[in-house]
$ cat input_2.tsv   # TSV, C-alpha atoms and all ligand atoms
chain	number	residue	atom	x	y	z
A	911	MET	CA	101.58	48.88	102.98
A	912	SER	CA	104.05	48.17	100.20
A	913	ASN	CA	104.88	50.77	97.57
A	914	PRO	CA	102.82	50.80	94.39
A	915	SER	CA	104.57	48.78	91.70
A	916	LEU	CA	105.50	49.97	88.23
A	917	LEU	CA	106.73	47.82	85.37
A	918	ILE	CA	108.70	49.81	82.80
A	919	LEU	CA	108.85	48.43	79.29
A	920	ALA	CA	110.87	50.96	77.28
A	921	GLY	CA	110.80	48.91	74.08
A	922	ASP	CA	112.37	49.91	70.78
A	923	GLY	CA	113.46	52.94	68.79
A	924	ILE	CA	113.05	56.15	70.76
A	925	GLY	CA	111.32	54.22	73.57
A	926	PRO	CA	114.43	53.91	75.78
A	927	GLU	CA	115.33	57.61	75.28
A	928	VAL	CA	111.94	59.02	76.21
A	929	MET	CA	111.67	56.55	79.08
A	930	ALA	CA	115.03	57.65	80.50
A	931	GLU	CA	113.59	61.16	80.86
A	932	THR	CA	110.45	59.80	82.46
A	933	ARG	CA	112.64	57.91	84.94
A	934	LYS	CA	114.08	61.28	85.98
A	935	VAL	CA	110.54	62.45	86.70
A	936	ILE	CA	109.70	59.32	88.69
A	937	ASP	CA	112.90	59.76	90.70
A	938	TRP	CA	111.98	63.39	91.33
A	939	TYR	CA	108.62	62.37	92.80
A	940	GLU	CA	110.33	59.82	95.01
A	941	ARG	CA	112.81	62.36	96.32
A	942	ASN	CA	110.53	65.36	96.64
A	943	ARG	CA	106.96	64.18	97.07
A	944	ASP	CA	107.58	61.00	99.00
A	945	ILE	CA	105.73	59.01	96.38
A	946	ARG	CA	107.68	55.79	96.12
A	947	PHE	CA	107.34	53.07	93.56
A	948	ASP	CA	108.77	49.59	93.27
A	949	VAL	CA	110.09	49.85	89.74
A	950	THR	CA	111.10	46.88	87.63
A	951	GLU	CA	112.14	46.95	83.99
A	952	ASP	CA	111.73	44.40	81.26
A	953	LEU	CA	111.62	43.95	77.49
A	954	VAL	CA	108.84	44.31	74.96
A	955	GLY	CA	108.80	44.41	71.16
A	956	GLY	CA	111.82	43.89	68.94
A	957	CYS	CA	114.29	44.01	71.83
A	958	ALA	CA	112.35	41.18	73.50
A	959	TYR	CA	112.37	39.24	70.24
A	960	ASP	CA	116.16	39.64	70.04
A	961	VAL	CA	116.56	38.02	73.45
A	962	HIS	CA	113.62	35.60	73.70
A	963	GLY	CA	112.50	34.99	70.11
A	964	VAL	CA	109.08	36.46	70.99
A	965	PRO	CA	108.03	40.11	71.37
A	966	LEU	CA	106.74	39.49	74.91
A	967	ALA	CA	108.03	36.69	77.12
A	968	ASP	CA	105.50	34.83	79.28
A	969	ALA	CA	107.35	35.93	82.42
A	970	THR	CA	107.00	39.58	81.35
A	971	MET	CA	103.30	39.08	80.67
A	972	GLN	CA	102.96	37.60	84.15
A	973	LYS	CA	104.73	40.57	85.73
A	974	ALA	CA	102.47	42.97	83.84
A	975	GLN	CA	99.45	41.20	85.32
A	976	GLU	CA	100.78	41.62	88.86
A	977	VAL	CA	101.95	45.25	88.97
A	978	ASP	CA	99.83	48.30	89.71
A	979	ALA	CA	100.74	49.94	86.41
A	980	VAL	CA	102.80	49.31	83.29
A	981	LEU	CA	104.63	52.20	81.64
A	982	LEU	CA	105.53	51.47	78.02
A	983	GLY	CA	107.73	53.36	75.54
A	984	ALA	CA	107.27	52.18	71.96
A	985	VAL	CA	107.68	49.04	69.88
A	986	GLY	CA	108.81	48.22	66.35
A	987	GLY	CA	111.41	49.14	63.79
A	988	PRO	CA	112.59	48.33	60.24
A	989	LYS	CA	114.94	45.67	61.57
A	990	TYR	CA	111.85	43.58	62.34
A	991	ASP	CA	109.84	44.23	59.18
A	992	ALA	CA	110.56	40.83	57.67
A	993	LEU	CA	109.58	38.85	60.78
A	994	ASP	CA	106.66	36.50	60.73
A	995	PHE	CA	103.47	38.37	61.65
A	996	SER	CA	103.03	36.32	64.83
A	997	VAL	CA	106.29	37.56	66.34
A	998	LYS	CA	106.29	41.14	65.10
A	999	PRO	CA	107.07	43.71	67.83
A	1000	GLU	CA	103.49	45.06	67.71
A	1001	ARG	CA	102.18	41.65	68.74
A	1002	GLY	CA	103.85	42.14	72.13
A	1003	LEU	CA	101.88	45.31	72.73
A	1004	LEU	CA	98.64	43.77	71.48
A	1005	ARG	CA	99.14	40.78	73.78
A	1006	LEU	CA	99.54	43.08	76.77
A	1007	ARG	CA	96.36	44.97	75.90
A	1008	LYS	CA	94.40	41.78	75.28
A	1009	GLU	CA	95.52	39.66	78.21
A	1010	MET	CA	95.31	42.53	80.70
A	1011	ASP	CA	91.88	43.22	79.18
A	1012	LEU	CA	92.59	46.95	78.87
A	1013	PHE	CA	89.37	47.77	77.10
A	1014	ALA	CA	89.27	51.55	77.64
A	1015	ASN	CA	92.03	53.53	75.96
A	1016	LEU	CA	91.99	57.18	77.00
A	1017	ARG	CA	93.68	59.50	74.53
A	1018	PRO	CA	93.36	63.13	75.58
A	1019	ALA	CA	94.10	65.74	72.92
A	1020	GLN	CA	94.91	68.99	74.65
A	1021	CYS	CA	96.45	71.97	72.95
A	1022	PHE	CA	98.89	73.79	75.20
A	1023	ASP	CA	98.70	77.47	74.43
A	1024	ALA	CA	102.42	77.66	73.68
A	1025	LEU	CA	101.97	75.11	70.90
A	1026	ALA	CA	98.86	76.45	69.21
A	1027	ASP	CA	100.94	77.76	66.30
A	1028	PHE	CA	102.46	74.33	65.67
A	1029	SER	CA	99.25	72.70	64.69
A	1030	SER	CA	98.63	72.37	61.00
A	1031	LEU	CA	95.28	74.01	61.77
A	1032	LYS	CA	94.70	77.66	62.55
A	1033	ARG	CA	95.40	78.85	66.10
A	1034	GLU	CA	91.78	79.81	66.75
A	1035	VAL	CA	90.63	76.31	65.80
A	1036	VAL	CA	92.90	74.58	68.30
A	1037	ALA	CA	93.84	77.05	71.07
A	1038	GLY	CA	92.46	75.85	74.39
A	1039	LEU	CA	91.34	72.54	72.92
A	1040	ASP	CA	90.70	69.79	75.46
A	1041	ILE	CA	89.01	66.65	74.15
A	1042	MET	CA	89.20	63.04	75.24
A	1043	ILE	CA	89.07	60.15	72.81
A	1044	VAL	CA	88.04	56.87	74.39
A	1045	ARG	CA	89.05	54.04	72.10
A	1046	GLU	CA	87.90	50.46	72.60
A	1047	LEU	CA	91.16	48.53	72.74
A	1048	THR	CA	90.66	44.79	73.14
A	1049	SER	CA	88.21	43.79	70.45
A	1050	GLY	CA	86.95	44.76	67.01
A	1051	ILE	CA	88.89	44.17	63.84
A	1052	TYR	CA	92.21	44.04	65.68
A	1053	PHE	CA	91.29	40.73	67.28
A	1054	GLY	CA	88.19	39.35	65.49
A	1055	GLU	CA	88.18	35.85	64.00
A	1056	PRO	CA	88.37	34.59	61.33
A	1057	ARG	CA	91.48	36.35	60.19
A	1058	GLY	CA	94.40	35.51	57.96
A	1059	ILE	CA	95.67	35.25	54.41
A	1060	THR	CA	94.62	32.21	52.37
A	1061	ASP	CA	94.83	31.06	48.74
A	1062	ASP	CA	91.72	31.52	46.67
A	1063	ASN	CA	92.67	28.44	44.59
A	1064	GLU	CA	92.60	30.53	41.43
A	1065	GLY	CA	96.13	31.80	41.74
A	1066	GLY	CA	95.22	34.69	43.99
A	1067	ARG	CA	94.99	35.22	47.72
A	1068	ILE	CA	92.38	36.45	50.17
A	1069	GLY	CA	93.10	38.62	53.20
A	1070	VAL	CA	90.48	38.48	55.94
A	1071	ASN	CA	89.90	40.38	59.17
A	1072	THR	CA	86.70	40.43	61.15
A	1073	GLN	CA	85.03	43.35	62.86
A	1074	ARG	CA	83.17	41.86	65.80
A	1075	TYR	CA	81.67	43.45	68.90
A	1076	THR	CA	79.47	42.08	71.67
A	1077	THR	CA	76.94	43.88	73.82
A	1078	SER	CA	79.12	43.71	76.92
A	1079	GLU	CA	82.21	44.94	75.10
A	1080	ILE	CA	80.37	47.99	73.84
A	1081	ARG	CA	78.59	48.72	77.09
A	1082	ARG	CA	81.70	48.65	79.26
A	1083	VAL	CA	83.64	51.08	77.09
A	1084	ALA	CA	80.58	53.29	76.80
A	1085	ARG	CA	80.40	53.41	80.61
A	1086	ALA	CA	84.06	54.43	80.74
A	1087	ALA	CA	83.29	57.30	78.36
A	1088	PHE	CA	80.19	58.43	80.27
A	1089	ASP	CA	82.10	58.30	83.58
A	1090	LEU	CA	84.76	60.57	82.13
A	1091	ALA	CA	82.17	62.94	80.70
A	1092	GLN	CA	80.63	63.28	84.14
A	1093	LYS	CA	83.92	64.71	85.42
A	1094	ARG	CA	84.30	66.91	82.32
A	1095	ASP	CA	81.75	68.81	80.27
A	1096	GLY	CA	79.04	66.14	80.35
A	1097	ARG	CA	78.99	65.39	76.61
A	1098	VAL	CA	79.77	62.20	74.69
A	1099	CYS	CA	79.86	61.72	70.93
A	1100	SER	CA	79.89	58.09	69.77
A	1101	MET	CA	81.36	57.28	66.35
A	1102	GLU	CA	80.89	54.21	64.13
A	1103	LYS	CA	79.81	53.34	60.60
A	1104	ALA	CA	76.24	52.25	61.25
A	1105	ASN	CA	75.42	53.18	57.67
A	1106	VAL	CA	77.51	50.29	56.30
A	1107	MET	CA	78.35	47.93	59.18
A	1108	GLU	CA	76.07	45.79	61.34
A	1109	SER	CA	78.65	46.02	64.12
A	1110	GLY	CA	78.17	49.78	63.83
A	1111	ILE	CA	74.41	49.46	64.25
A	1112	LEU	CA	74.95	47.37	67.36
A	1113	TRP	CA	77.50	49.88	68.63
A	1114	ARG	CA	75.08	52.77	68.25
A	1115	GLU	CA	72.18	50.91	69.88
A	1116	GLU	CA	74.21	49.69	72.85
A	1117	VAL	CA	75.80	53.07	73.54
A	1118	GLN	CA	72.32	54.60	73.41
A	1119	TRP	CA	71.05	51.89	75.79
A	1120	VAL	CA	73.75	52.62	78.36
A	1121	HIS	CA	72.97	56.30	78.07
A	1122	ASP	CA	69.21	55.94	78.46
A	1123	ASN	CA	69.41	53.47	81.34
A	1124	GLU	CA	72.42	54.66	83.28
A	1125	TYR	CA	73.57	58.13	82.23
A	1126	PRO	CA	70.48	60.08	81.13
A	1127	ASP	CA	72.08	63.36	82.27
A	1128	ILE	CA	74.95	63.11	79.82
A	1129	GLN	CA	74.37	64.70	76.43
A	1130	LEU	CA	74.90	61.90	73.87
A	1131	SER	CA	75.27	62.32	70.12
A	1132	HIS	CA	76.22	59.90	67.33
A	1133	MET	CA	78.27	60.46	64.19
A	1134	TYR	CA	79.50	58.31	61.37
A	1135	ALA	CA	83.23	57.99	61.87
A	1136	ASP	CA	84.14	59.54	58.52
A	1137	ALA	CA	82.03	62.60	59.21
A	1138	GLY	CA	83.36	62.61	62.78
A	1139	LEU	CA	86.94	62.80	61.60
A	1140	MET	CA	85.98	65.62	59.26
A	1141	GLN	CA	84.42	67.45	62.23
A	1142	ILE	CA	87.57	66.86	64.30
A	1143	VAL	CA	89.65	68.82	61.82
A	1144	ARG	CA	86.90	71.35	61.05
A	1145	PHE	CA	85.80	72.41	64.52
A	1146	PRO	CA	87.35	70.16	67.18
A	1147	LYS	CA	86.19	72.24	70.15
A	1148	GLN	CA	82.62	71.03	69.60
A	1149	PHE	CA	83.66	67.73	71.26
A	1150	ASP	CA	84.12	66.77	74.88
A	1151	VAL	CA	84.44	62.96	75.03
A	1152	ILE	CA	84.47	60.82	71.88
A	1153	VAL	CA	83.89	57.08	72.21
A	1154	THR	CA	84.67	54.79	69.31
A	1155	ASP	CA	85.91	51.34	68.35
A	1156	ASN	CA	89.44	50.03	68.12
A	1157	LEU	CA	90.24	50.82	64.48
A	1158	PHE	CA	88.38	54.12	64.21
A	1159	GLY	CA	89.95	55.16	67.51
A	1160	ASP	CA	93.39	54.40	66.13
A	1161	LEU	CA	92.75	56.69	63.16
A	1162	LEU	CA	90.93	59.43	65.04
A	1163	SER	CA	93.59	59.71	67.71
A	1164	ASP	CA	96.48	60.06	65.28
A	1165	ALA	CA	94.55	62.75	63.44
A	1166	ALA	CA	93.65	64.47	66.71
A	1167	SER	CA	97.31	64.59	67.68
A	1168	MET	CA	97.87	67.15	64.95
A	1169	LEU	CA	95.46	69.48	66.75
A	1170	THR	CA	97.90	69.59	69.64
A	1171	GLY	CA	100.97	70.55	67.64
A	1172	SER	CA	102.87	67.26	67.64
A	1173	LEU	CA	102.39	63.55	67.98
A	1174	GLY	CA	105.26	63.88	70.46
A	1175	MET	CA	102.88	65.46	72.97
A	1176	LEU	CA	100.12	62.85	73.26
A	1177	PRO	CA	99.90	60.51	76.25
A	1178	SER	CA	97.49	57.64	76.73
A	1179	ALA	CA	96.08	55.43	79.45
A	1180	SER	CA	94.69	51.96	78.82
A	1181	LEU	CA	92.48	50.82	81.64
A	1182	GLY	CA	90.78	47.55	82.50
A	1183	ALA	CA	88.69	46.22	85.35
A	1184	PRO	CA	89.58	47.01	88.98
A	1185	MET	CA	92.09	44.66	90.63
A	1186	ALA	CA	91.79	43.29	94.17
A	1187	ASN	CA	93.39	46.49	95.55
A	1188	GLY	CA	90.76	48.62	93.82
A	1189	ARG	CA	93.16	50.04	91.24
A	1190	PRO	CA	92.32	49.41	87.60
A	1191	LYS	CA	94.52	47.19	85.49
A	1192	ALA	CA	96.53	49.82	83.66
A	1193	LEU	CA	99.10	50.51	81.00
A	1194	TYR	CA	100.35	53.97	80.10
A	1195	GLU	CA	102.10	54.78	76.85
A	1196	PRO	CA	102.68	57.65	74.43
A	1197	VAL	CA	100.49	57.63	71.33
A	1198	HIS	CA	103.54	58.02	69.08
A	1199	GLY	CA	105.50	55.05	67.82
A	1200	SER	CA	109.16	54.05	67.92
A	1201	ALA	CA	110.26	56.64	65.30
A	1202	PRO	CA	113.26	54.61	64.10
A	1203	ASP	CA	114.35	57.45	61.78
A	1204	ILE	CA	115.33	59.63	64.75
A	1205	ALA	CA	116.16	56.94	67.33
A	1206	GLY	CA	119.41	57.32	69.22
A	1207	GLN	CA	119.95	60.93	68.15
A	1208	GLY	CA	118.57	62.80	71.13
A	1209	LYS	CA	115.83	64.32	68.96
A	1210	ALA	CA	112.79	62.59	70.42
A	1211	ASN	CA	110.24	64.56	72.42
A	1212	PRO	CA	109.86	62.88	75.84
A	1213	CYS	CA	106.70	64.85	76.74
A	1214	ALA	CA	104.18	62.22	75.60
A	1215	THR	CA	105.75	59.60	77.86
A	1216	ILE	CA	106.19	62.02	80.75
A	1217	LEU	CA	102.54	63.03	80.39
A	1218	SER	CA	101.61	59.34	80.29
A	1219	PHE	CA	103.22	59.03	83.72
A	1220	ALA	CA	101.06	61.97	84.80
A	1221	MET	CA	98.04	59.96	83.68
A	1222	ALA	CA	99.31	57.07	85.82
A	1223	LEU	CA	99.45	59.40	88.83
A	1224	ARG	CA	95.84	60.42	88.14
A	1225	TYR	CA	94.15	57.19	87.10
A	1226	SER	CA	96.13	54.49	88.94
A	1227	PHE	CA	97.30	56.26	92.06
A	1228	ASP	CA	94.55	58.79	92.64
A	1229	LEU	CA	97.08	61.63	92.74
A	1230	GLY	CA	95.28	64.15	90.55
A	1231	ASP	CA	97.06	67.11	92.17
A	1232	GLU	CA	100.46	65.61	91.48
A	1233	ALA	CA	99.42	64.81	87.92
A	1234	ALA	CA	98.40	68.44	87.45
A	1235	ARG	CA	101.75	69.55	88.91
A	1236	LEU	CA	103.55	67.53	86.24
A	1237	GLU	CA	101.28	68.70	83.42
A	1238	ASN	CA	101.82	72.30	84.50
A	1239	ALA	CA	105.57	71.74	84.59
A	1240	VAL	CA	105.52	70.49	80.98
A	1241	GLU	CA	103.41	73.45	79.97
A	1242	ALA	CA	105.83	75.84	81.70
A	1243	VAL	CA	108.78	74.35	79.80
A	1244	LEU	CA	106.99	74.79	76.48
A	1245	ALA	CA	106.03	78.33	77.38
A	1246	LYS	CA	109.72	79.13	77.94
A	1247	GLY	CA	110.38	78.04	74.36
A	1248	ILE	CA	112.39	74.97	75.32
A	1249	ARG	CA	111.46	72.49	72.59
A	1250	THR	CA	112.57	69.38	70.78
A	1251	PRO	CA	112.85	69.54	66.95
A	1252	ASP	CA	109.26	68.35	66.38
A	1253	LEU	CA	108.11	71.62	67.99
A	1254	MET	CA	110.45	74.02	66.21
A	1255	GLN	CA	109.73	76.16	63.21
A	1256	ALA	CA	112.38	76.47	60.48
A	1257	GLY	CA	114.99	78.95	61.67
A	1258	GLY	CA	113.56	78.82	65.17
A	1259	GLY	CA	116.90	78.52	66.98
A	1260	THR	CA	118.66	75.58	68.56
A	1261	PRO	CA	116.34	72.75	69.56
A	1262	ALA	CA	116.63	71.07	72.92
A	1263	THR	CA	117.78	67.47	73.07
A	1264	THR	CA	115.62	64.77	74.59
A	1265	ALA	CA	117.70	64.94	77.78
A	1266	GLN	CA	117.60	68.74	77.95
A	1267	MET	CA	113.84	68.59	77.65
A	1268	GLY	CA	113.67	66.11	80.52
A	1269	ASP	CA	116.00	68.26	82.63
A	1270	ALA	CA	113.84	71.31	81.91
A	1271	VAL	CA	110.77	69.46	83.16
A	1272	ILE	CA	112.64	68.58	86.35
A	1273	ALA	CA	113.66	72.23	86.78
A	1274	ALA	CA	110.03	73.29	86.30
A	1275	LEU	CA	108.94	70.70	88.89
A	1276	GLU	CA	111.50	72.17	91.30
A	1277	GLU	CA	109.91	75.58	90.81
A	1278	THR	CA	106.52	74.24	91.86
A	1279	LEU	CA	107.96	73.58	95.32
A	1280	GLY	CA	108.47	77.32	95.85
B	1	LIG	C1	98.56	52.77	68.59
B	1	LIG	C2	99.44	52.09	67.60
B	1	LIG	C3	99.22	50.59	67.70
B	1	LIG	C4	97.79	50.31	67.28
B	1	LIG	C5	100.21	49.70	66.93
B	1	LIG	C6	101.65	50.00	67.31
B	1	LIG	C7	99.92	48.24	67.12
B	1	LIG	O1	99.22	52.59	66.32
B	1	LIG	O2	98.68	52.47	69.79
B	1	LIG	O3	97.77	53.62	68.19
B	1	LIG	O4	97.49	50.19	66.09
B	1	LIG	O5	96.95	50.20	68.18
B	2	MG	MG	97.88	54.24	66.25
$ encode --input "input_2.tsv" --output "structure tokens"
Amino acid sequence: MSNPSLLILAGDGIGPEVMAETRKVIDWYERNRDIRFDVTEDLVGGCAYDVHGVPLADATMQKAQEVDAVLLGAVGGPKYDALDFSVKPERGLLRLRKEMDLFANLRPAQCFDALADFSSLKREVVAGLDIMIVRELTSGIYFGEPRGITDDNEGGRIGVNTQRYTTSEIRRVARAAFDLAQKRDGRVCSMEKANVMESGILWREEVQWVHDNEYPDIQLSHMYADAGLMQIVRFPKQFDVIVTDNLFGDLLSDAASMLTGSLGMLPSASLGAPMANGRPKALYEPVHGSAPDIAGQGKANPCATILSFAMALRYSFDLGDEAARLENAVEAVLAKGIRTPDLMQAGGGTPATTAQMGDAVIAALEETLG
């Protein structure tokens, strides 16, 4: 059997830096755990635009469709702000999600004990937190038609986007959330705005339908997304799995990142339907963006991308034990106080560079071998 294949798209800003550290981790697994990958690298985002005039070349899209998993860094930067909307770096990422049909975006928010004091919330609110946000990723207002900016013929303009969901789109992401809850604490909270949006009413009804017909043992609750976000910052440990649409999931997951201490800690997995080999179509990426303000300075925290690779080990390659090994290694590094600037308090000593952080994770992995 051939090795599993990985396509690495480091992208823009801090993407290449955090990916370089993740490469060290991948190499470590190849050397020490005999887990070999066929790795190829390509361009996405602004760097792809610079070379191809588009943020994702067709050949790269094709490769992404063929590999077992895509590992992505980040896209975007001020250099590309003036570009036409259709070729903005973000469009490359959205094309990958859409064409690979990665409808279930898993965004775990876990608070490592060593970081509980870095949250903007009190330690007791976040310590030990472990929630999973499942965000619908291929539909909703991100992709709905009609969309665009037109003249209103009275000297003004009209901006339009459409929130649109179908039964099957809601049911499949609901199933992904219920499946996860079955392996966790058995609870799902679904969030929408059924009080103001018809698409929210449909969302609530379809999630309830999947529950009643297929997962009656899971405890299901519903919240309006505004109240849900309030509950996330008030008492986040009440949640196990949260399932929500594309836009609300985007907002909720950025807010939830603050419960963990830093946006630099949050990984994600975007999963689609199973391929012929049984593995799901998959893309793994940190939740943070390209952070152009700190790019190239060795300040970026590589943990979110490294932890995204851990998610790849778990969800694409069925190597849950190896994923846990890597997560424990990251936790051990944090516990030793080795931290990038995003995890330092004022006057907290000399921060580690991106590369030092990666090296520390490798050292911690070495220790797991005994
Ligand atoms: C995310 C990001 C993206 C999104 C951007 C970069 C298009 O914010 O993955 O959360 O809005 O989905
Ligand atoms: Mg976002």
$ residues_near_ligand --input "input_2.tsv" --ligand "ligand LIG 1 (chain B)" --cutoff "6 Å" --atoms "all atoms listed in the file" --output "PyMOL selection string"
chain A and resi 1000+1160+1197
$ closest_residue --input "input_2.tsv" --among "A:Lys1147, A:His1132, A:Arg1224, A:Lys934" --to "Ser1178 of chain A" --atoms "all atoms listed in the file"
A:Arg1224
$ closest_residue --input "input_2.tsv" --among "A:Ile1068, A:Ile945, A:Leu1003, A:Leu1130" --to "ligand MG 2 (chain B)" --atoms "all atoms listed in the file"
A:Leu1003
$ atom_distance --input "input_2.tsv" --atom1 "atom CA of Pro1261 of chain A" --atom2 "atom CA of Pro1212 of chain A"
13.4 Å
$ residues_near_ligand --input "input_2.tsv" --ligand "ligand MG 2 (chain B)" --cutoff "12 Å" --atoms "all atoms listed in the file" --output "number ranges by chain"
A: 984-985, 1000, 1003-1004, 1015, 1017, 1045, 1047, 1052, 1156-1167, 1173, 1176-1178, 1195-1200
$ atom_distance --input "input_2.tsv" --atom1 "atom CA of Asp1062 of chain A" --atom2 "atom CA of Gly1110 of chain A"
28.5 Å
$ residues_around --input "input_2.tsv" --residues "Val949 of chain A" --least-positions-apart "6" --cutoff "6 Å" --atoms "all atoms listed in the file" --output "PyMOL selection string"
chain A and resi 915-917
$ closest_residue --input "input_2.tsv" --among "A:Ala1037, A:Ala1239, A:Ile1059, A:Ala1087" --to "Phe1145 of chain A" --atoms "only C-alpha atoms"
A:Ala1037
$ residues_around --input "input_2.tsv" --residues "Leu981 of chain A" --least-positions-apart "2" --cutoff "8 Å" --atoms "all atoms listed in the file" --output "VMD selection string"
chain A and resid 916 to 920 979 983 1193 to 1195 1218 to 1219
$ residues_around --input "input_2.tsv" --residues "Thr1278 of chain A" --least-positions-apart "2" --cutoff "8 Å" --atoms "all atoms listed in the file" --output "list in words"
Arg1235, Ala1239, Ala1274, Leu1275, Glu1276 and Gly1280 of chain A
$ atom_distance --input "input_2.tsv" --atom1 "atom CA of Ile1248 of chain A" --atom2 "atom CA of Ala1270 of chain A"
7.7 Å
$ residues_near_point --input "input_2.tsv" --point "(90.5, 47.2, 89.8)" --cutoff "12 Å" --atoms "all atoms listed in the file" --output "count of residues only"
23
$ residues_around --input "input_2.tsv" --residues "segment 1070-1082 of chain A" --least-positions-apart "3" --cutoff "9 Å" --atoms "all atoms listed in the file" --output "ChimeraX atom specification"
/A:1013-1014,1046,1048-1060,1085-1087,1107,1109-1110,1112-1113,1116-1117,1119-1120,1155
$ residues_around --input "input_2.tsv" --residues "Gly1230 of chain A" --least-positions-apart "6" --cutoff "10 Å" --atoms "all atoms listed in the file" --output "ChimeraX atom specification"
/A:1220-1224,1236
$ closest_residue --input "input_2.tsv" --among "A:Val954, A:Ala1234, A:Val1044, A:Val1243" --to "Cys1213 of chain A" --atoms "only C-alpha atoms"
A:Val1243
$ closest_residue --input "input_2.tsv" --among "A:Gly1096, A:Pro1202, A:Gly1069, A:Pro1251" --to "Gly921 of chain A" --atoms "all atoms listed in the file"
A:Pro1202
$ closest_residue --input "input_2.tsv" --among "A:Asp922, A:Asp1231, A:Glu931, A:Asp994" --to "Gly1268 of chain A" --atoms "only C-alpha atoms"
A:Glu931
$ residues_near_point --input "input_2.tsv" --point "(75.8, 62.9, 90.1)" --cutoff "10 Å" --atoms "all atoms listed in the file" --output "MDAnalysis selection string"
chainID A and resid 1092:1093 1125 1127
$ decode --input "input_2.tsv" --residues "segment 1154-1165 of chain A" --atoms "N, CA, C and O atoms" --output "PDB file, in the first residue's frame"
ATOM      1  N   THR A1154     -23.613  24.739  14.375  1.00  0.00           N
ATOM      2  CA  THR A1154     -24.180  25.999  13.913  1.00  0.00           C
ATOM      3  C   THR A1154     -23.793  26.259  12.466  1.00  0.00           C
ATOM      4  O   THR A1154     -23.019  25.503  11.877  1.00  0.00           O
ATOM      5  N   ASP A1155     -24.345  27.325  11.891  1.00  0.00           N
ATOM      6  CA  ASP A1155     -24.138  27.552  10.456  1.00  0.00           C
ATOM      7  C   ASP A1155     -22.780  28.200  10.185  1.00  0.00           C
ATOM      8  O   ASP A1155     -21.971  28.420  11.091  1.00  0.00           O
ATOM      9  N   ASN A1156     -22.560  28.517   8.927  1.00  0.00           N
ATOM     10  CA  ASN A1156     -21.251  28.990   8.496  1.00  0.00           C
ATOM     11  C   ASN A1156     -20.865  30.318   9.152  1.00  0.00           C
ATOM     12  O   ASN A1156     -19.792  30.440   9.767  1.00  0.00           O
ATOM     13  N   LEU A1157     -21.738  31.299   9.075  1.00  0.00           N
ATOM     14  CA  LEU A1157     -21.397  32.625   9.609  1.00  0.00           C
ATOM     15  C   LEU A1157     -21.385  32.639  11.140  1.00  0.00           C
ATOM     16  O   LEU A1157     -20.438  33.150  11.751  1.00  0.00           O
ATOM     17  N   PHE A1158     -22.410  32.069  11.760  1.00  0.00           N
ATOM     18  CA  PHE A1158     -22.416  32.051  13.225  1.00  0.00           C
ATOM     19  C   PHE A1158     -21.217  31.246  13.747  1.00  0.00           C
ATOM     20  O   PHE A1158     -20.612  31.592  14.767  1.00  0.00           O
ATOM     21  N   GLY A1159     -20.876  30.191  13.036  1.00  0.00           N
ATOM     22  CA  GLY A1159     -19.737  29.371  13.445  1.00  0.00           C
ATOM     23  C   GLY A1159     -18.428  30.129  13.345  1.00  0.00           C
ATOM     24  O   GLY A1159     -17.513  29.953  14.155  1.00  0.00           O
ATOM     25  N   ASP A1160     -18.334  30.981  12.341  1.00  0.00           N
ATOM     26  CA  ASP A1160     -17.143  31.818  12.198  1.00  0.00           C
ATOM     27  C   ASP A1160     -16.997  32.724  13.428  1.00  0.00           C
ATOM     28  O   ASP A1160     -15.922  32.824  14.020  1.00  0.00           O
ATOM     29  N   LEU A1161     -18.090  33.342  13.822  1.00  0.00           N
ATOM     30  CA  LEU A1161     -18.066  34.267  14.968  1.00  0.00           C
ATOM     31  C   LEU A1161     -17.856  33.513  16.278  1.00  0.00           C
ATOM     32  O   LEU A1161     -17.017  33.888  17.103  1.00  0.00           O
ATOM     33  N   LEU A1162     -18.621  32.457  16.459  1.00  0.00           N
ATOM     34  CA  LEU A1162     -18.545  31.719  17.728  1.00  0.00           C
ATOM     35  C   LEU A1162     -17.155  31.146  17.962  1.00  0.00           C
ATOM     36  O   LEU A1162     -16.649  31.144  19.081  1.00  0.00           O
ATOM     37  N   SER A1163     -16.523  30.682  16.881  1.00  0.00           N
ATOM     38  CA  SER A1163     -15.230  30.018  17.089  1.00  0.00           C
ATOM     39  C   SER A1163     -14.122  31.030  17.382  1.00  0.00           C
ATOM     40  O   SER A1163     -13.211  30.728  18.156  1.00  0.00           O
ATOM     41  N   ASP A1164     -14.191  32.207  16.794  1.00  0.00           N
ATOM     42  CA  ASP A1164     -13.190  33.216  17.178  1.00  0.00           C
ATOM     43  C   ASP A1164     -13.380  33.615  18.632  1.00  0.00           C
ATOM     44  O   ASP A1164     -12.420  33.773  19.380  1.00  0.00           O
ATOM     45  N   ALA A1165     -14.625  33.789  19.037  1.00  0.00           N
ATOM     46  CA  ALA A1165     -14.871  34.149  20.437  1.00  0.00           C
ATOM     47  C   ALA A1165     -14.417  33.021  21.360  1.00  0.00           C
ATOM     48  O   ALA A1165     -13.753  33.264  22.374  1.00  0.00           O
TER      49      ALA A1165
END
